[in-house]
>>> print(open('query24.txt').read())   # compact mmCIF, C-alpha atoms
# COMPACT_ATOMS: atom_id res chain seq x y z
CA MET M 1 98.17 -36.03 124.01
CA ARG M 2 98.02 -39.78 124.70
CA ILE M 3 99.12 -40.40 128.28
CA ASP M 4 99.73 -43.64 130.16
CA ILE M 5 99.84 -43.46 133.97
CA ILE M 6 101.50 -46.62 135.29
CA THR M 7 101.40 -47.59 138.96
CA ALA M 8 101.82 -50.79 140.97
CA GLY M 9 101.39 -51.89 144.57
CA THR M 10 98.47 -51.57 146.98
CA THR M 11 95.18 -49.68 146.94
CA GLY M 12 96.94 -46.59 148.29
CA SER M 13 99.38 -46.83 145.38
CA VAL M 14 96.53 -46.71 142.86
CA ALA M 15 93.64 -44.60 144.19
CA PRO M 16 95.38 -41.17 144.04
CA TYR M 17 96.19 -41.70 140.37
CA THR M 18 92.50 -41.96 139.50
CA GLY M 19 92.15 -38.30 140.45
CA LEU M 20 95.23 -37.32 138.47
CA ALA M 21 93.98 -39.26 135.43
CA HIS M 22 90.55 -37.65 135.53
CA ARG M 23 92.12 -34.19 135.80
CA LEU M 24 94.35 -34.80 132.80
CA ALA M 25 91.37 -36.15 130.86
CA ALA M 26 89.40 -33.02 131.75
CA GLU M 27 92.27 -30.99 130.25
CA GLY M 28 91.66 -32.72 126.93
CA HIS M 29 94.23 -35.51 127.06
CA GLU M 30 93.59 -39.13 126.14
CA VAL M 31 94.50 -40.88 129.41
CA GLU M 32 94.80 -44.55 130.32
CA LEU M 33 95.57 -45.90 133.79
CA VAL M 34 97.74 -49.01 133.79
CA THR M 35 97.63 -51.05 137.01
CA HIS M 36 96.80 -54.47 138.46
CA GLY M 37 93.59 -56.09 137.27
CA LYS M 38 92.13 -56.35 140.77
CA PHE M 39 91.89 -52.54 140.83
CA ALA M 40 89.91 -52.38 137.57
CA ALA M 41 86.68 -51.32 139.31
CA LEU M 42 88.46 -48.65 141.35
CA ALA M 43 90.45 -47.35 138.40
CA GLY M 44 87.69 -47.63 135.83
CA CYS M 45 85.17 -45.60 137.82
CA CYS M 46 83.18 -43.20 135.64
CA GLY M 47 84.64 -44.38 132.37
CA LEU M 48 88.38 -43.98 132.95
CA PRO M 49 90.13 -46.29 130.44
CA THR M 50 92.36 -48.88 132.08
CA ARG M 51 94.81 -51.55 131.03
CA PRO M 52 95.91 -54.46 133.26
CA LEU M 53 99.43 -54.68 134.64
CA GLU M 54 99.84 -58.37 135.39
CA PRO M 55 100.83 -60.20 137.42
CA ASP M 56 100.59 -58.43 140.77
CA PRO M 57 104.07 -59.15 142.17
CA PHE M 58 103.64 -57.14 145.36
CA GLU M 59 100.82 -59.16 146.91
CA GLU M 60 103.31 -61.95 147.70
CA LEU M 61 105.57 -59.39 149.39
CA ILE M 62 102.76 -58.11 151.61
CA ASN M 63 101.68 -61.66 152.47
CA LEU M 64 105.25 -62.60 153.40
CA HIS M 65 105.66 -59.57 155.59
CA SER M 66 102.53 -60.44 157.55
CA ARG M 67 103.69 -64.04 158.03
CA ILE M 68 107.01 -63.03 159.58
CA GLU M 69 105.51 -60.31 161.79
CA GLY M 70 107.63 -59.96 164.92
CA ALA M 71 110.75 -61.42 163.30
CA ARG M 72 111.45 -58.73 160.72
CA GLN M 73 114.83 -57.79 162.16
CA SER M 74 116.24 -61.32 162.07
CA PRO M 75 118.76 -62.10 159.30
CA ARG M 76 116.51 -64.83 157.91
CA ALA M 77 113.47 -62.53 157.76
CA LEU M 78 115.43 -59.79 156.03
CA MET M 79 116.77 -62.31 153.52
CA LEU M 80 113.27 -63.60 152.76
CA LEU M 81 111.95 -60.06 152.28
CA ALA M 82 114.88 -59.15 150.03
CA ARG M 83 114.35 -62.20 147.83
CA ALA M 84 110.61 -61.54 147.61
CA THR M 85 111.31 -57.95 146.57
CA GLU M 86 113.73 -59.11 143.87
CA ARG M 87 111.11 -61.56 142.57
CA ALA M 88 108.52 -58.77 142.52
CA ALA M 89 110.82 -56.55 140.49
CA LEU M 90 111.59 -59.37 138.05
CA ALA M 91 107.88 -60.10 137.59
CA LEU M 92 107.30 -56.41 136.94
CA VAL M 93 109.55 -56.59 133.86
CA ASP M 94 107.14 -58.75 131.82
CA GLY M 95 104.13 -56.83 133.08
CA LEU M 96 105.54 -53.48 132.03
CA LEU M 97 106.75 -54.73 128.64
CA ALA M 98 103.23 -55.96 127.89
CA ALA M 99 101.44 -52.95 129.32
CA VAL M 100 103.33 -49.96 127.89
CA ASP M 101 101.64 -48.49 124.82
CA PRO M 102 104.34 -47.72 122.20
CA GLY M 103 101.99 -45.17 120.67
CA ALA M 104 101.72 -43.06 123.83
CA ASP M 105 103.02 -39.48 123.81
CA LEU M 106 103.83 -39.41 127.54
CA ILE M 107 104.26 -41.99 130.29
CA LEU M 108 103.83 -41.00 133.94
CA LEU M 109 105.48 -43.45 136.34
CA SER M 110 104.94 -44.14 140.05
CA THR M 111 107.78 -44.80 142.48
CA LEU M 112 107.75 -48.59 142.04
CA THR M 113 107.41 -48.57 138.26
CA ALA M 114 109.86 -45.77 137.49
CA PRO M 115 113.18 -47.70 137.63
CA LEU M 116 112.02 -50.01 134.81
CA GLY M 117 109.31 -47.99 133.11
CA ARG M 118 111.68 -45.15 132.25
CA VAL M 119 113.87 -47.59 130.28
CA ILE M 120 110.90 -48.86 128.26
CA ALA M 121 109.66 -45.33 127.57
CA ARG M 122 113.08 -44.27 126.30
CA HIS M 123 113.33 -47.39 124.14
CA HIS M 124 110.09 -46.39 122.40
CA GLY M 125 111.10 -42.72 122.17
CA ILE M 126 108.36 -41.63 124.57
CA ARG M 127 108.75 -38.76 126.99
CA SER M 128 108.35 -39.82 130.65
CA MET M 129 108.02 -38.14 134.02
CA GLY M 130 107.84 -39.37 137.60
CA VAL M 131 104.66 -38.93 139.61
CA PHE M 132 105.72 -40.15 143.04
CA LEU M 133 103.75 -40.42 146.27
CA GLN M 134 106.99 -40.60 148.28
CA PRO M 135 110.32 -38.79 147.95
CA ASP M 136 113.31 -40.95 147.00
CA VAL M 137 116.15 -38.46 146.42
CA PRO M 138 118.61 -38.10 149.34
CA THR M 139 118.40 -34.86 151.30
CA SER M 140 119.62 -33.49 154.59
CA ALA M 141 116.07 -32.26 155.34
CA PHE M 142 114.74 -35.69 156.38
CA ALA M 143 115.60 -39.38 156.49
CA PRO M 144 114.70 -41.64 153.53
CA CYS M 145 111.10 -42.74 153.64
CA VAL M 146 112.00 -46.41 154.20
CA LEU M 147 113.37 -45.41 157.63
CA PRO M 148 111.59 -43.71 160.53
CA TRP M 149 111.26 -39.94 160.35
CA ARG M 150 114.31 -37.95 161.51
CA PRO M 151 114.77 -34.19 161.84
CA PRO M 152 117.15 -32.31 159.52
CA GLY M 153 120.83 -33.22 159.64
CA PRO M 154 123.73 -34.17 157.35
CA GLY M 155 123.39 -37.84 158.30
CA ASN M 156 120.10 -37.98 156.42
CA ARG M 157 121.85 -37.69 153.05
CA LEU M 158 124.07 -40.63 153.93
CA ARG M 159 121.03 -42.63 155.03
CA GLY M 160 119.29 -41.72 151.78
CA ARG M 161 122.21 -42.90 149.66
CA ALA M 162 122.43 -46.14 151.62
CA ALA M 163 118.68 -46.77 151.24
CA ASN M 164 118.85 -46.15 147.49
CA ALA M 165 121.84 -48.48 147.19
CA VAL M 166 119.79 -51.27 148.80
CA LEU M 167 116.80 -50.58 146.54
CA ASP M 168 119.01 -50.48 143.44
CA ARG M 169 120.46 -53.82 144.42
CA LEU M 170 116.97 -55.30 144.69
CA TYR M 171 116.11 -53.96 141.19
CA HIS M 172 119.50 -54.94 139.71
CA ALA M 173 118.52 -58.29 138.19
CA ALA M 174 115.23 -56.88 136.89
CA ALA M 175 117.00 -53.96 135.19
CA ARG M 176 119.47 -56.25 133.46
CA ARG M 177 116.70 -58.64 132.36
CA LEU M 178 114.72 -55.72 130.96
CA HIS M 179 117.67 -54.49 128.89
CA THR M 180 118.22 -58.00 127.55
CA ARG M 181 114.56 -58.33 126.54
CA LEU M 182 114.80 -55.02 124.70
CA GLY M 183 118.00 -56.05 122.93
CA LEU M 184 120.07 -53.48 124.80
CA THR M 185 123.37 -53.76 126.62
CA PRO M 186 122.47 -54.85 130.17
CA ARG M 187 122.69 -52.12 132.79
CA GLY M 188 122.00 -52.26 136.51
CA ALA M 189 119.62 -50.12 138.53
CA ARG M 190 122.42 -48.11 140.12
CA LEU M 191 123.60 -46.82 136.75
CA LEU M 192 120.02 -46.08 135.72
CA ARG M 193 119.49 -43.99 138.87
CA ALA M 194 122.71 -42.06 138.24
CA GLU M 195 121.58 -41.39 134.68
CA ARG M 196 118.19 -40.21 135.90
CA GLU M 197 119.77 -37.73 138.29
CA ARG M 198 122.37 -36.54 135.78
CA GLU M 199 119.69 -35.81 133.18
CA LEU M 200 117.48 -34.03 135.74
CA TRP M 201 114.57 -36.34 134.98
CA PRO M 202 111.43 -34.49 136.12
CA VAL M 203 109.53 -35.87 139.10
CA TRP M 204 106.30 -34.44 140.50
CA HIS M 205 105.51 -35.47 144.07
CA GLY M 206 101.88 -35.98 145.05
CA PHE M 207 102.01 -34.56 148.57
CA SER M 208 101.63 -31.09 149.98
CA PRO M 209 104.48 -28.64 150.66
CA SER M 210 102.63 -27.93 153.90
CA VAL M 211 103.27 -31.56 154.87
CA ILE M 212 106.74 -32.01 153.35
CA PRO M 213 108.38 -28.71 152.34
CA ARG M 214 110.65 -28.93 149.31
CA PRO M 215 114.22 -29.53 150.51
CA ALA M 216 116.64 -26.72 149.68
CA ASP M 217 119.29 -29.23 148.57
CA TRP M 218 117.16 -31.00 145.97
CA ARG M 219 118.28 -30.75 142.35
CA PRO M 220 116.28 -28.92 139.68
CA GLY M 221 113.44 -30.98 138.21
CA LEU M 222 112.13 -32.26 141.54
CA HIS M 223 108.78 -30.65 142.30
CA ILE M 224 106.20 -30.89 145.09
CA ALA M 225 102.83 -30.51 143.41
CA GLY M 226 100.39 -31.01 146.25
CA TYR M 227 98.10 -34.01 146.69
CA TRP M 228 96.12 -35.42 143.80
CA TRP M 229 93.04 -36.86 145.44
CA PRO M 230 91.28 -40.12 144.47
CA HIS M 231 88.41 -39.58 142.08
CA GLN M 232 84.96 -40.02 143.59
CA CYS M 233 82.16 -40.84 141.18
CA PRO M 234 79.27 -38.35 141.42
CA GLN M 235 76.77 -41.23 141.30
CA TRP M 236 78.20 -42.90 144.42
CA GLN M 237 75.90 -43.14 147.43
CA PRO M 238 76.84 -44.26 150.96
CA PRO M 239 75.36 -47.55 152.20
CA ALA M 240 72.29 -47.13 154.39
CA LEU M 241 74.07 -48.92 157.27
CA VAL M 242 76.82 -46.28 157.34
CA ARG M 243 74.50 -43.34 156.84
CA ASP M 244 72.21 -44.50 159.66
CA PHE M 245 75.11 -45.25 162.00
CA LEU M 246 76.59 -41.79 161.51
CA ALA M 247 73.23 -40.18 162.21
CA ALA M 248 72.63 -42.23 165.37
CA GLY M 249 75.33 -40.66 167.56
CA PRO M 250 78.45 -38.53 167.80
CA PRO M 251 81.16 -38.81 165.14
CA PRO M 252 82.84 -42.21 165.42
CA VAL M 253 86.49 -43.17 165.27
CA PHE M 254 87.67 -44.67 161.98
CA ILE M 255 89.99 -47.69 162.23
CA GLY M 256 91.50 -49.29 159.14
CA PHE M 257 94.73 -50.80 157.88
CA GLY M 258 94.06 -50.62 154.16
CA SER M 259 96.01 -53.14 152.11
CA MET M 260 98.11 -54.30 155.04
CA MET M 261 97.59 -57.76 156.52
CA PRO M 262 99.14 -57.25 159.95
CA GLY M 263 98.89 -60.57 161.74
CA ASP M 264 95.82 -62.44 162.98
CA PRO M 265 92.65 -60.50 162.05
CA ALA M 266 90.72 -62.00 164.99
CA ARG M 267 93.34 -60.71 167.44
CA LEU M 268 93.43 -57.32 165.75
CA GLY M 269 89.64 -57.15 165.86
CA ASP M 270 89.66 -57.95 169.58
CA ILE M 271 92.25 -55.24 170.25
CA THR M 272 90.15 -52.77 168.29
CA ALA M 273 86.91 -53.61 170.09
CA ARG M 274 88.52 -53.45 173.54
CA ALA M 275 90.29 -50.17 172.77
CA LEU M 276 87.10 -48.47 171.59
CA ARG M 277 85.24 -49.71 174.65
CA ARG M 278 87.98 -48.48 177.02
CA ALA M 279 88.05 -45.11 175.29
CA GLY M 280 84.24 -44.87 175.31
CA ARG M 281 84.02 -44.24 171.57
CA ARG M 282 81.88 -45.43 168.71
CA GLY M 283 83.78 -46.84 165.76
CA ILE M 284 83.71 -47.60 162.04
CA VAL M 285 86.12 -50.41 161.20
CA GLN M 286 87.22 -50.97 157.62
CA SER M 287 87.84 -54.64 156.88
CA GLY M 288 90.58 -54.05 154.29
CA TRP M 289 92.87 -56.83 153.09
CA ALA M 290 93.28 -58.00 156.69
CA GLY M 291 89.63 -59.07 156.85
CA LEU M 292 89.16 -57.08 160.05
CA SER M 293 85.70 -57.41 161.59
CA VAL M 294 84.19 -55.85 164.70
CA VAL M 295 80.43 -55.64 165.20
CA ASN M 296 78.54 -54.57 168.31
CA ASP M 297 76.09 -51.84 169.36
CA GLU M 298 78.75 -49.15 169.06
CA VAL M 299 80.86 -50.44 166.16
CA ILE M 300 80.17 -51.36 162.54
CA THR M 301 82.46 -52.94 159.97
CA VAL M 302 82.48 -51.71 156.37
CA GLY M 303 84.20 -52.60 153.13
CA SER M 304 85.75 -50.17 150.69
CA LEU M 305 84.37 -46.64 151.06
CA PRO M 306 85.71 -43.34 149.70
CA HIS M 307 87.92 -41.84 152.39
CA GLY M 308 87.20 -38.39 151.02
CA TRP M 309 83.56 -38.85 152.04
CA LEU M 310 83.90 -40.92 155.22
CA LEU M 311 86.86 -39.52 157.16
CA PRO M 312 85.59 -35.92 157.52
CA ARG M 313 82.56 -37.42 159.28
CA THR M 314 84.71 -39.07 161.97
CA SER M 315 86.31 -37.75 165.15
CA ALA M 316 89.73 -39.36 164.62
CA VAL M 317 91.44 -41.83 162.31
CA VAL M 318 93.47 -44.86 163.37
CA HIS M 319 95.40 -46.20 160.39
CA HIS M 320 98.59 -47.82 159.13
CA ALA M 321 100.07 -44.53 157.90
CA GLY M 322 100.37 -45.49 154.26
CA ALA M 323 100.86 -42.49 151.97
CA GLY M 324 97.28 -42.52 150.65
CA THR M 325 95.50 -42.96 153.98
CA THR M 326 97.79 -40.43 155.65
CA ALA M 327 96.81 -37.92 152.99
CA ALA M 328 93.11 -38.69 153.38
CA GLY M 329 93.30 -38.25 157.15
CA LEU M 330 95.05 -34.89 156.79
CA ARG M 331 92.46 -33.76 154.27
CA ALA M 332 89.68 -34.71 156.71
CA GLY M 333 91.05 -32.37 159.37
CA VAL M 334 90.78 -34.79 162.30
CA PRO M 335 93.45 -36.12 164.72
CA ALA M 336 95.36 -39.27 163.78
CA VAL M 337 96.67 -42.32 165.60
CA PRO M 338 99.22 -43.91 163.25
CA VAL M 339 99.89 -47.64 163.67
CA PRO M 340 102.62 -48.28 161.06
CA VAL M 341 103.44 -51.76 159.81
CA PHE M 342 106.32 -51.48 157.34
CA THR M 343 108.06 -49.69 154.39
CA ASP M 344 107.28 -45.95 154.35
CA GLN M 345 104.61 -46.14 157.06
CA PRO M 346 106.86 -45.40 160.10
CA TRP M 347 108.17 -42.38 158.17
CA TRP M 348 104.73 -40.93 157.50
CA ALA M 349 103.66 -41.77 161.06
CA GLY M 350 106.56 -39.79 162.47
CA ARG M 351 105.67 -36.89 160.23
CA LEU M 352 102.10 -36.84 161.58
CA VAL M 353 103.50 -36.40 165.07
CA ARG M 354 105.85 -33.63 163.89
CA LEU M 355 102.92 -31.87 162.22
CA GLY M 356 101.06 -31.85 165.52
CA VAL M 357 98.01 -33.85 164.41
CA SER M 358 98.94 -36.97 166.41
CA PRO M 359 100.24 -37.45 169.96
CA ARG M 360 102.55 -40.38 169.19
CA VAL M 361 103.41 -43.23 166.86
CA LEU M 362 102.04 -46.60 167.97
CA PRO M 363 103.97 -49.32 166.06
CA HIS M 364 101.85 -52.30 165.13
CA ALA M 365 104.33 -54.71 166.74
CA ARG M 366 103.61 -53.04 170.11
CA LEU M 367 99.87 -52.63 169.63
CA THR M 368 97.63 -53.48 172.60
CA SER M 369 94.10 -52.42 173.44
CA ALA M 370 95.39 -50.41 176.42
CA ARG M 371 97.97 -48.50 174.35
CA LEU M 372 95.50 -47.87 171.55
CA ALA M 373 92.82 -46.62 173.96
CA GLU M 374 95.29 -44.38 175.77
CA THR M 375 96.66 -42.83 172.59
CA LEU M 376 93.20 -42.39 171.09
CA THR M 377 91.92 -40.72 174.25
CA LEU M 378 94.86 -38.33 174.28
CA ALA M 379 94.32 -37.44 170.61
CA LEU M 380 90.66 -36.65 171.23
CA ARG M 381 90.87 -34.92 174.63
CA GLU M 382 93.73 -32.54 173.83
CA PRO M 383 92.25 -29.75 171.67
CA ARG M 384 95.59 -28.88 170.06
CA TYR M 385 95.55 -31.99 167.86
CA ALA M 386 92.13 -31.24 166.36
CA ARG M 387 93.00 -27.56 166.03
CA ARG M 388 96.22 -28.31 164.16
CA ALA M 389 94.44 -30.88 161.97
CA ARG M 390 91.77 -28.37 160.96
CA ASP M 391 94.37 -25.73 160.17
CA LEU M 392 96.34 -28.11 157.98
CA ALA M 393 93.21 -29.35 156.21
CA GLY M 394 92.36 -25.75 155.37
CA ARG M 395 95.74 -25.31 153.69
CA LEU M 396 95.32 -28.52 151.70
CA SER M 397 91.90 -27.41 150.47
CA ARG M 398 93.50 -24.41 148.77
CA GLU M 399 96.03 -26.50 146.82
CA ASP M 400 95.63 -28.05 143.39
CA GLY M 401 98.19 -30.82 143.04
CA ALA M 402 96.64 -32.46 140.01
CA GLY M 403 96.43 -29.06 138.34
CA ALA M 404 100.15 -28.48 138.88
CA VAL M 405 100.93 -31.74 137.06
CA ALA M 406 98.45 -30.89 134.30
CA ARG M 407 100.17 -27.54 133.72
CA ALA M 408 103.57 -29.23 133.58
CA VAL M 409 102.26 -31.77 131.07
CA ALA M 410 100.83 -29.01 128.91
CA GLN M 411 104.31 -27.53 128.53
CA LEU M 412 105.90 -30.78 127.28
CA PRO M 413 106.42 -31.76 123.65
CA ALA M 414 104.36 -34.80 122.71
CA ARG M 415 107.22 -37.08 121.71
CA SER M 416 110.87 -37.29 122.63
CA SER M 417 113.27 -37.63 119.72
CA GLN M 418 115.93 -39.18 121.91
CA LYS M 419 116.10 -42.91 122.57
>>> encode(input="query24.txt", output="structure tokens")
Amino acid sequence: MRIDIITAGTTGSVAPYTGLAHRLAAEGHEVELVTHGKFAALAGCCGLPTRPLEPDPFEELINLHSRIEGARQSPRALMLLARATERAALALVDGLLAAVDPGADLILLSTLTAPLGRVIARHHGIRSMGVFLQPDVPTSAFAPCVLPWRPPGPGNRLRGRAANAVLDRLYHAAARRLHTRLGLTPRGARLLRAERERELWPVWHGFSPSVIPRPADWRPGLHIAGYWWPHQCPQWQPPALVRDFLAAGPPPVFIGFGSMMPGDPARLGDITARALRRAGRRGIVQSGWAGLSVVNDEVITVGSLPHGWLLPRTSAVVHHAGAGTTAAGLRAGVPAVPVPVFTDQPWWAGRLVRLGVSPRVLPHARLTSARLAETLTLALREPRYARRARDLAGRLSREDGAGAVARAVAQLPARSSQK
């Protein structure tokens, strides 16, 4: 079967799909990963075919968010973010139209590409499924992932509907433009979502039921597969600097903010260095998109390294709580200190606390060296956090999320006769 996996966004929105793609390829499918050109090296590792999804409309959104740090709740900031999101969705229309292979048998769509990609797949008569890293269907079990985590309650369904209404509004112009380009009667994103739910469009979620149990009030067709982990090339070798640093002392703390650009990197680097010194810990700092850099006798700075290799060799992870890094930290079985910046990050951060692997959420807007050192010390000195992290990591090691998706794909007909 010819399969396109289409994803957009940041590194954490791409890396997990490399593992899913390689698993499907191992099952005998002809798989191509469609994503932004800047991820070609990551996605193309070990011969995985790729196709560019251009332009990258979400880099502007991340840049804008970092520029208005501290003013996100003002009406002007919210307006700017909304307009940037609408522009990103509009730009995604042309990218998807150019990237979708009309000859594919199946298209697997990420959360950001699904609202538009499903329309294109149907236009070409291609079967499609969702492969989401975050849940987006309202439930009473938890708040929508664009809001901070909340315990179960009926208000969560209302919050979920409200969040989806906002997202549909931001995709509205893009959905209508897409229909026009395809020669179809224009339809908005709200109607497309209603159609998706009415038809029980299948969605497989790439997180563990041990982390997010399947809500009892979800409709049929919504599945929790388990994590599909980023593919790590067998030929990869760690840099000598990292290997030697790990061997020279006790396991260090990992600190990284991935694709986020949260404010001034010099200030963030100073906070990081001071916090590690106050906590008396060695550290490995990942530069990421922020360009973070801390170098002294007890700290090194690294570029992109496989989290599946590095994080199990650390004592704790300090991160922005994106879906991908959250998953990697849980897999590593070490305590976490989540420092969320925006979108779904406060939600995942709250879940880490609920799971018992982190003492508290430390929002980036309130980050200081003293708060970071205090939270890090608590995470490392209280044995219950490490114990809970190890227990959860053991459960994750027995799951096969990519295999669950592969089995579902094997049961599908190659082409859909319905347009």
>>> closest_residue(input="query24.txt", among="M:Gly283, M:Pro363, M:Gly322, M:Pro52", to="M:Val339", atoms="all atoms listed in the file")
M:Pro363
>>> atom_distance(input="query24.txt", atom1="atom CA of M:Arg388", atom2="atom CA of M:Arg360")
14.5 Å
>>> closest_residue(input="query24.txt", among="M:Ala141, M:Leu276, M:Ala174, M:Ala99", to="M:Ile212", atoms="all atoms listed in the file")
M:Ala141
>>> atom_distance(input="query24.txt", atom1="atom CA of M:Leu268", atom2="atom CA of M:Thr35")
29.7 Å
>>> residues_near_point(input="query24.txt", point="(98.4, -58.0, 134.7)", cutoff="10 Å", atoms="only C-alpha atoms", output="list in words")
Val34, Thr35, His36, Gly37, Lys38, Arg51, Pro52, Leu53, Glu54, Pro55, Asp56, Pro57, Leu92, Asp94, Gly95, Leu96, Ala98 and Ala99 of chain M
>>> atom_distance(input="query24.txt", atom1="atom CA of M:Ala266", atom2="atom CA of M:Ile300")
15.2 Å
>>> closest_residue(input="query24.txt", among="M:Pro359, M:Gly394, M:Gly12, M:Gly288", to="M:Glu382", atoms="all atoms listed in the file")
M:Pro359
>>> residues_around(input="query24.txt", residues="M:Leu241", least_positions_apart="2", cutoff="12 Å", atoms="only C-alpha atoms", output="list of chain:residue names")
M:Gln237, M:Pro238, M:Pro239, M:Arg243, M:Asp244, M:Phe245, M:Leu246, M:Ala247, M:Ala248, M:Ile284, M:Val299, M:Ile300, M:Thr301, M:Val302, M:Gly303
